[in-house]
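Chemist: The following file, structure-v3.tsv, comprises TSV, C-alpha atoms:
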```tsv
chain	number	residue	atom	x	y	z
A	1284	MET	CA	-0.68	-10.65	14.23
A	1285	THR	CA	1.04	-11.63	11.03
A	1286	VAL	CA	1.96	-9.77	7.86
A	1287	ARG	CA	3.52	-11.59	4.93
A	1288	ILE	CA	4.61	-10.33	1.53
A	1289	GLN	CA	5.34	-13.19	-0.84
A	1290	THR	CA	5.43	-14.26	-4.48
A	1291	GLU	CA	4.04	-17.75	-3.76
A	1292	VAL	CA	0.35	-18.64	-3.73
A	1293	PHE	CA	-1.34	-19.09	-0.33
A	1294	ASP	CA	-3.68	-21.81	0.93
A	1295	VAL	CA	-6.72	-20.13	2.47
A	1296	GLY	CA	-7.90	-23.23	4.33
A	1297	ALA	CA	-4.52	-23.95	5.85
A	1298	GLU	CA	-4.05	-20.32	6.90
A	1299	LEU	CA	-7.46	-20.18	8.61
A	1300	LYS	CA	-6.87	-23.45	10.40
A	1301	ALA	CA	-3.46	-22.41	11.66
A	1302	LEU	CA	-4.71	-19.03	12.83
A	1303	HIS	CA	-7.39	-20.23	15.24
A	1304	ALA	CA	-6.01	-23.65	16.18
A	1305	ALA	CA	-4.29	-22.57	19.40
A	1306	ASN	CA	-7.17	-20.54	20.84
A	1307	PRO	CA	-10.53	-22.11	21.75
A	1308	LYS	CA	-11.88	-18.66	22.76
A	1309	ILE	CA	-12.11	-17.69	19.08
A	1310	GLY	CA	-15.73	-17.96	17.95
A	1311	ALA	CA	-15.67	-16.25	14.57
A	1312	ILE	CA	-13.36	-15.96	11.59
A	1313	ALA	CA	-13.93	-13.51	8.75
A	1314	SER	CA	-11.74	-13.61	5.67
A	1315	PHE	CA	-11.37	-11.68	2.43
A	1316	VAL	CA	-9.61	-12.95	-0.69
A	1317	GLY	CA	-8.80	-10.54	-3.50
A	1318	LEU	CA	-8.33	-12.11	-6.95
A	1319	ALA	CA	-6.79	-11.07	-10.24
A	1320	ARG	CA	-9.53	-10.44	-12.84
A	1321	ASP	CA	-9.27	-10.88	-16.61
A	1322	VAL	CA	-10.87	-7.49	-17.25
A	1323	ASN	CA	-10.32	-4.04	-15.72
A	1324	ASP	CA	-11.99	-0.80	-16.81
A	1325	GLY	CA	-13.27	-2.60	-19.92
A	1326	GLN	CA	-9.84	-3.83	-21.02
A	1327	SER	CA	-8.69	-7.44	-21.20
A	1328	VAL	CA	-5.93	-8.30	-18.74
A	1329	GLU	CA	-3.49	-11.15	-19.38
A	1330	THR	CA	-0.87	-10.49	-16.72
A	1331	LEU	CA	-0.70	-8.42	-13.58
A	1332	ARG	CA	2.60	-7.33	-12.01
A	1333	LEU	CA	2.56	-6.16	-8.42
A	1334	GLU	CA	5.27	-3.92	-7.08
A	1335	HIS	CA	5.71	-2.74	-3.49
A	1336	TYR	CA	7.97	-0.71	-1.21
A	1337	PRO	CA	9.85	-3.29	0.88
A	1338	GLY	CA	10.04	-2.21	4.50
A	1339	MET	CA	7.32	0.41	4.31
A	1340	THR	CA	4.78	-2.18	3.16
A	1341	GLU	CA	5.23	-4.30	6.27
A	1342	ARG	CA	5.18	-1.24	8.56
A	1343	ALA	CA	2.02	0.11	6.92
A	1344	LEU	CA	0.17	-3.20	7.21
A	1345	GLU	CA	1.23	-3.67	10.84
A	1346	ASP	CA	0.01	-0.15	11.57
A	1347	ILE	CA	-3.35	-0.88	9.92
A	1348	ILE	CA	-3.74	-4.00	12.08
A	1349	ARG	CA	-2.92	-1.97	15.21
A	1350	GLN	CA	-5.67	0.48	14.23
A	1351	ALA	CA	-8.14	-2.39	13.86
A	1352	GLN	CA	-7.11	-3.79	17.26
A	1353	ALA	CA	-7.86	-0.40	18.82
A	1354	ARG	CA	-11.40	-0.44	17.41
A	1355	TRP	CA	-12.54	-4.05	17.62
A	1356	ASP	CA	-12.00	-7.29	19.51
A	1357	VAL	CA	-9.29	-8.77	17.27
A	1358	MET	CA	-7.88	-12.00	18.69
A	1359	GLN	CA	-5.86	-12.84	15.60
A	1360	ALA	CA	-5.20	-10.99	12.36
A	1361	LEU	CA	-3.39	-12.05	9.22
A	1362	ILE	CA	-2.59	-10.21	6.01
A	1363	ILE	CA	-0.85	-11.99	3.13
A	1364	HIS	CA	-0.21	-9.96	-0.02
A	1365	ARG	CA	1.46	-11.34	-3.12
A	1366	VAL	CA	3.89	-9.43	-5.32
A	1367	GLY	CA	5.50	-10.20	-8.66
A	1368	LEU	CA	3.88	-11.57	-11.77
A	1369	LEU	CA	0.28	-12.83	-11.52
A	1370	ALA	CA	-2.44	-13.87	-13.95
A	1371	PRO	CA	-6.26	-13.86	-13.93
A	1372	LEU	CA	-7.72	-16.32	-11.37
A	1373	ASP	CA	-4.67	-15.92	-9.13
A	1374	PRO	CA	-5.33	-14.87	-5.54
A	1375	ILE	CA	-3.61	-11.56	-4.69
A	1376	VAL	CA	-4.43	-10.81	-1.07
A	1377	LEU	CA	-5.78	-12.63	1.99
A	1378	VAL	CA	-7.10	-10.81	5.06
A	1379	VAL	CA	-8.26	-12.83	8.06
A	1380	VAL	CA	-9.60	-11.69	11.43
A	1381	CYS	CA	-10.43	-13.96	14.36
A	1382	SER	CA	-12.71	-12.65	17.11
A	1383	MET	CA	-14.97	-13.94	19.81
A	1384	HIS	CA	-18.07	-12.87	17.83
A	1385	ARG	CA	-18.93	-12.30	14.17
A	1386	HIS	CA	-19.53	-8.54	14.12
A	1387	ASP	CA	-16.01	-7.72	15.26
A	1388	ALA	CA	-14.57	-10.22	12.79
A	1389	PHE	CA	-16.60	-8.89	9.82
A	1390	ASP	CA	-16.04	-5.21	10.59
A	1391	ALA	CA	-12.32	-5.50	11.32
A	1392	CYS	CA	-11.75	-7.61	8.19
A	1393	ARG	CA	-13.51	-5.08	5.99
A	1394	PHE	CA	-11.65	-2.22	7.68
A	1395	LEU	CA	-8.31	-3.92	7.03
A	1396	ILE	CA	-8.86	-4.40	3.30
A	1397	ASP	CA	-10.34	-0.90	2.92
A	1398	TYR	CA	-7.29	0.67	4.60
A	1399	LEU	CA	-4.86	-1.60	2.75
A	1400	LYS	CA	-6.30	-0.27	-0.52
A	1401	THR	CA	-5.40	3.33	0.32
A	1402	ASP	CA	-2.51	3.14	2.80
A	1403	ALA	CA	-0.25	0.23	1.82
A	1404	PRO	CA	2.40	0.92	-0.84
A	1405	PHE	CA	1.49	-1.57	-3.59
A	1406	TRP	CA	1.14	-0.75	-7.28
A	1407	LYS	CA	-0.44	-2.85	-10.06
A	1408	HIS	CA	0.87	-2.91	-13.62
A	1409	GLU	CA	-1.46	-4.60	-16.14
A	1410	ALA	CA	-0.67	-6.03	-19.55
A	1411	GLY	CA	-3.05	-7.33	-22.21
A	1412	PRO	CA	-3.78	-7.22	-25.94
A	1413	GLY	CA	-4.36	-3.46	-25.63
A	1414	GLY	CA	-0.88	-2.84	-24.21
A	1415	ALA	CA	0.66	-2.43	-20.76
A	1416	HIS	CA	-0.01	0.31	-18.21
A	1417	TRP	CA	0.02	1.20	-14.53
A	1418	VAL	CA	-3.39	0.86	-12.91
A	1419	ASP	CA	-4.97	4.14	-11.75
A	1420	ALA	CA	-6.15	4.50	-8.17
A	1421	ARG	CA	-9.93	4.49	-7.70
A	1422	ALA	CA	-11.75	7.36	-6.02
A	1423	SER	CA	-14.17	4.77	-4.58
A	1424	ASP	CA	-11.31	3.38	-2.46
A	1425	ASP	CA	-10.79	6.77	-0.83
A	1426	VAL	CA	-14.54	6.99	-0.23
A	1427	ALA	CA	-14.56	3.59	1.51
A	1428	ARG	CA	-11.69	4.61	3.78
A	1429	ALA	CA	-13.29	7.96	4.59
A	1430	ALA	CA	-16.49	6.18	5.64
A	1431	TRP	CA	-14.55	4.39	8.40
A	1432	VAL	CA	-13.08	7.69	9.60
A	1433	ARG	CA	-16.58	9.19	9.83
A	1434	ALA	CA	-18.03	6.06	11.44
A	1435	THR	CA	-15.48	5.95	14.24
A	1436	GLY	CA	-14.52	9.61	14.49
A	1437	LYS	CA	-10.86	8.66	14.44
A	1438	GLN	CA	-8.35	10.01	11.96
A	1439	GLU	CA	-5.49	7.58	12.40
B	182	MET	CA	21.78	17.48	3.99
B	183	LYS	CA	22.24	13.97	2.58
B	184	LEU	CA	19.02	12.23	1.55
B	185	GLN	CA	18.19	8.89	-0.04
B	186	VAL	CA	15.38	9.49	-2.54
B	187	LEU	CA	13.30	6.55	-3.84
B	188	TYR	CA	10.84	6.46	-6.73
B	189	PHE	CA	8.20	3.79	-7.35
B	190	ALA	CA	5.91	2.53	-10.12
B	191	ARG	CA	4.85	5.05	-12.78
B	192	LEU	CA	7.00	7.77	-11.20
B	193	ARG	CA	10.12	5.56	-11.28
B	194	ASP	CA	9.50	4.83	-14.96
B	195	ALA	CA	9.16	8.56	-15.65
B	196	VAL	CA	12.29	9.49	-13.69
B	197	GLY	CA	14.25	6.59	-15.17
B	198	ARG	CA	15.75	5.40	-11.87
B	199	SER	CA	14.55	3.80	-8.66
B	200	SER	CA	16.76	5.73	-6.25
B	201	GLU	CA	19.38	8.42	-5.91
B	202	THR	CA	21.47	9.89	-3.13
B	203	ILE	CA	21.34	13.67	-3.08
B	204	ASP	CA	22.94	16.45	-1.11
B	205	ALA	CA	20.11	18.94	-0.65
B	206	PRO	CA	20.84	22.65	-0.05
B	207	PRO	CA	19.89	24.21	3.34
B	208	GLU	CA	16.66	25.74	2.02
B	209	VAL	CA	15.22	22.24	1.45
B	210	ALA	CA	13.70	21.47	4.86
B	211	SER	CA	10.40	19.74	4.04
B	212	VAL	CA	9.03	17.10	1.68
B	213	GLY	CA	7.27	19.72	-0.44
B	214	GLN	CA	10.46	21.76	-0.73
B	215	LEU	CA	12.43	18.67	-1.70
B	216	ARG	CA	9.97	17.79	-4.46
B	217	ALA	CA	10.11	21.34	-5.82
B	218	TRP	CA	13.92	21.27	-5.69
B	219	LEU	CA	14.10	17.89	-7.47
B	220	ALA	CA	11.72	19.09	-10.20
B	221	GLY	CA	13.67	22.33	-10.47
B	222	ARG	CA	16.71	20.37	-11.67
B	223	GLY	CA	14.95	19.96	-15.01
B	224	SER	CA	14.57	16.85	-17.14
B	225	PRO	CA	13.57	14.10	-16.34
B	226	TRP	CA	12.40	15.11	-12.83
B	227	GLN	CA	10.43	18.15	-13.93
B	228	GLU	CA	8.39	16.21	-16.52
B	229	ALA	CA	7.97	13.24	-14.17
B	230	PHE	CA	6.48	15.31	-11.34
B	231	GLU	CA	4.28	17.17	-13.83
B	232	GLN	CA	3.01	14.04	-15.61
B	233	VAL	CA	2.31	11.73	-12.68
B	234	ARG	CA	-0.85	12.85	-10.94
B	235	GLY	CA	-1.36	12.91	-7.18
B	236	VAL	CA	2.21	12.02	-6.19
B	237	ARG	CA	2.38	10.81	-2.57
B	238	SER	CA	5.40	10.72	-0.31
B	239	ALA	CA	6.86	8.92	2.67
B	240	VAL	CA	9.67	9.84	5.05
B	241	ASP	CA	11.55	6.95	6.63
B	242	GLN	CA	8.85	4.56	5.39
B	243	VAL	CA	5.88	6.41	6.90
B	244	MET	CA	3.34	8.35	4.79
B	245	ALA	CA	4.14	12.06	4.96
B	246	ASP	CA	2.60	15.25	3.60
B	247	ASP	CA	4.34	18.24	2.04
B	248	GLN	CA	4.89	19.88	5.43
B	249	ALA	CA	6.77	16.89	6.86
B	250	PRO	CA	10.28	17.93	7.99
B	251	LEU	CA	13.43	16.23	6.71
B	252	ARG	CA	16.48	15.13	8.68
B	253	ASP	CA	19.99	14.35	7.52
B	254	GLY	CA	20.17	10.77	6.30
B	255	ALA	CA	16.40	10.41	5.81
B	256	GLU	CA	14.87	8.04	3.26
B	257	VAL	CA	12.30	9.97	1.24
B	258	ALA	CA	10.06	8.15	-1.23
B	259	PHE	CA	7.82	9.55	-3.95
B	260	PHE	CA	5.15	7.43	-5.63
B	261	PRO	CA	1.74	7.52	-7.32
B	262	PRO	CA	-1.47	6.75	-5.37
B	263	VAL	CA	-1.35	3.11	-4.27
B	264	THR	CA	-3.31	0.36	-6.04
B	265	GLY	CA	-2.85	-2.85	-4.03
B	266	GLY	CA	-5.39	-5.30	-2.72
```
Please express the file's structure as structure tokens.

Modeler:
Amino acid sequence: MTVRIQTEVFDVGAELKALHAANPKIGAIASFVGLARDVNDGQSVETLRLEHYPGMTERALEDIIRQAQARWDVMQALIIHRVGLLAPLDPIVLVVVCSMHRHDAFDACRFLIDYLKTDAPFWKHEAGPGGAHWVDARASDDVARAAWVRATGKQE
Amino acid sequence: MKLQVLYFARLRDAVGRSSETIDAPPEVASVGQLRAWLAGRGSPWQEAFEQVRGVRSAVDQVMADDQAPLRDGAEVAFFPPVTGG
């Protein structure tokens, strides 16, 4: 299980290859890549700055992975999240789950990104022709997380 | 009680600093009481806690609610709702 916070770009293909290479029992890999868009809430975005809480970020992501491991067959899990200055088209986050079968991989991967959205201490600051501002949290992210709590009947 | 208080993102901008070491009086025993005490010191904390909506908190790098108890030497962070991913 790996958590990395970095400013550098990541190579999705290389990360996937490295993650399953040592284990021939892995039969499925699901991955999610989050990208920086050039528009948000109807406003043009030129740059995106990502801030985080060093120390807590790693702990929160490791805790989220532990929660996924308790629910699904997770043979490998990887979360890479970039911080610093980004621009549209740049990848921001990579979530990968390796399992024996696809349903565990898909569900655990989606769970990880849904929980990351609400529980990991990252903040986005956008700048564009309309000015610069901190991005507001979305209620839909809380709804997505709550759906997992209802689905599994577990709070933590 | 000595506490290390951290501020992030919009809240840090509003407070004008990223951290401060404080010596909290005995009546400050929980996160909620600490936030009220910080805001009670006046500007800029009062305005910052009023202006930034839905402020969240963490004690020793774990999410915590207003009832969470404090210990001497704890690291207490205040921040807006998170927006990563």

Chemist: Just how far from CA of Val233 (chain B) is CA of Gly1411 (chain A), in Å to one decimal?

Modeler: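 Interatomic distance here is 22.0 Å.
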
Chemist: Please produce, as a tab-separated table, a per-residue contact table for chain A versus chain B (criterion: any atom at most 9 Å away, all atoms listed in the file considered), showing the nearest atom pair and its distance in Å to one decimal, sorted by chain then residue number.

Modeler:
```
residue	atom	partner	partner_atom	distance
A:Val1316	CA	B:Gly266	CA	9.0
A:Gly1317	CA	B:Gly266	CA	6.3
A:Leu1318	CA	B:Gly266	CA	8.5
A:Leu1333	CA	B:Gly265	CA	7.7
A:Glu1334	CA	B:Ala190	CA	7.2
A:His1335	CA	B:Phe189	CA	8.0
A:Tyr1336	CA	B:Phe189	CA	7.6
A:Gly1338	CA	B:Gln242	CA	6.9
A:Met1339	CA	B:Gln242	CA	4.6
A:Thr1340	CA	B:Gln242	CA	8.2
A:Arg1342	CA	B:Gln242	CA	7.6
A:Ala1343	CA	B:Val243	CA	7.4
A:His1364	CA	B:Gly266	CA	7.5
A:Ile1375	CA	B:Gly266	CA	6.8
A:Val1376	CA	B:Gly266	CA	5.8
A:Leu1377	CA	B:Gly266	CA	8.7
A:Ile1396	CA	B:Gly266	CA	7.0
A:Asp1397	CA	B:Gly266	CA	8.7
A:Leu1399	CA	B:Gly266	CA	6.6
A:Lys1400	CA	B:Gly265	CA	5.6
A:Thr1401	CA	B:Val263	CA	6.1
A:Asp1402	CA	B:Val263	CA	7.2
A:Ala1403	CA	B:Val263	CA	6.8
A:Pro1404	CA	B:Val263	CA	5.5
A:Phe1405	CA	B:Gly265	CA	4.5
A:Trp1406	CA	B:Thr264	CA	4.8
A:Lys1407	CA	B:Thr264	CA	5.9
A:His1408	CA	B:Ala190	CA	8.2
A:His1416	CA	B:Arg191	CA	8.7
A:Trp1417	CA	B:Arg191	CA	6.4
A:Val1418	CA	B:Thr264	CA	6.9
A:Asp1419	CA	B:Thr264	CA	7.0
A:Ala1420	CA	B:Thr264	CA	5.5
A:Arg1421	CA	B:Thr264	CA	8.0
```

Chemist: Box for region 207-212 of chain B - axis-aligned, 8 Å on each of the six sides, all listed atoms - centre and size in Å to one decimal, as lines of an AutoDock Vina configuration file.

Modeler:
```
center_x = 14.5
center_y = 21.4
center_z = 3.2
size_x = 26.9
size_y = 24.6
size_z = 19.4
```

Chemist: One decimal, in Å: what's the spacing between CA of His1303 (chain A) and CA of Arg1393 (chain A)?

Modeler: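 Separating CA of His1303 (chain A) from CA of Arg1393 (chain A) is a distance of 18.8 Å.
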
Chemist: Neighbours of Pro1371 (chain A) within 12 Å (all atoms listed in the file; same-chain residues fewer than 6 positions away dropped), as a PDB file with C-alpha atoms, in the frame of the given file?

Modeler:
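Result went into selection_15.pdb, see below:
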```pdb
ATOM      1  CA  GLY A1317      -8.800 -10.540  -3.500  1.00  0.00           C
ATOM      2  CA  LEU A1318      -8.330 -12.110  -6.950  1.00  0.00           C
ATOM      3  CA  ALA A1319      -6.790 -11.070 -10.240  1.00  0.00           C
ATOM      4  CA  ARG A1320      -9.530 -10.440 -12.840  1.00  0.00           C
ATOM      5  CA  ASP A1321      -9.270 -10.880 -16.610  1.00  0.00           C
ATOM      6  CA  VAL A1322     -10.870  -7.490 -17.250  1.00  0.00           C
ATOM      7  CA  ASN A1323     -10.320  -4.040 -15.720  1.00  0.00           C
ATOM      8  CA  SER A1327      -8.690  -7.440 -21.200  1.00  0.00           C
ATOM      9  CA  VAL A1328      -5.930  -8.300 -18.740  1.00  0.00           C
ATOM     10  CA  GLU A1329      -3.490 -11.150 -19.380  1.00  0.00           C
ATOM     11  CA  THR A1330      -0.870 -10.490 -16.720  1.00  0.00           C
ATOM     12  CA  LEU A1331      -0.700  -8.420 -13.580  1.00  0.00           C
ATOM     13  CA  ARG A1332       2.600  -7.330 -12.010  1.00  0.00           C
ATOM     14  CA  GLU A1409      -1.460  -4.600 -16.140  1.00  0.00           C
ATOM     15  CA  ALA A1410      -0.670  -6.030 -19.550  1.00  0.00           C
ATOM     16  CA  GLY A1411      -3.050  -7.330 -22.210  1.00  0.00           C
TER      17      GLY A1411
END
```

Chemist: Out of B:Arg237, B:Arg193, B:Arg222, B:Arg252, which residue has the shortest atom-to-atom distance to Ala210 (chain B) when counting all atoms listed in the file?

Modeler: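 Selected residue with least distance to Ala210 (chain B): B:Arg252.
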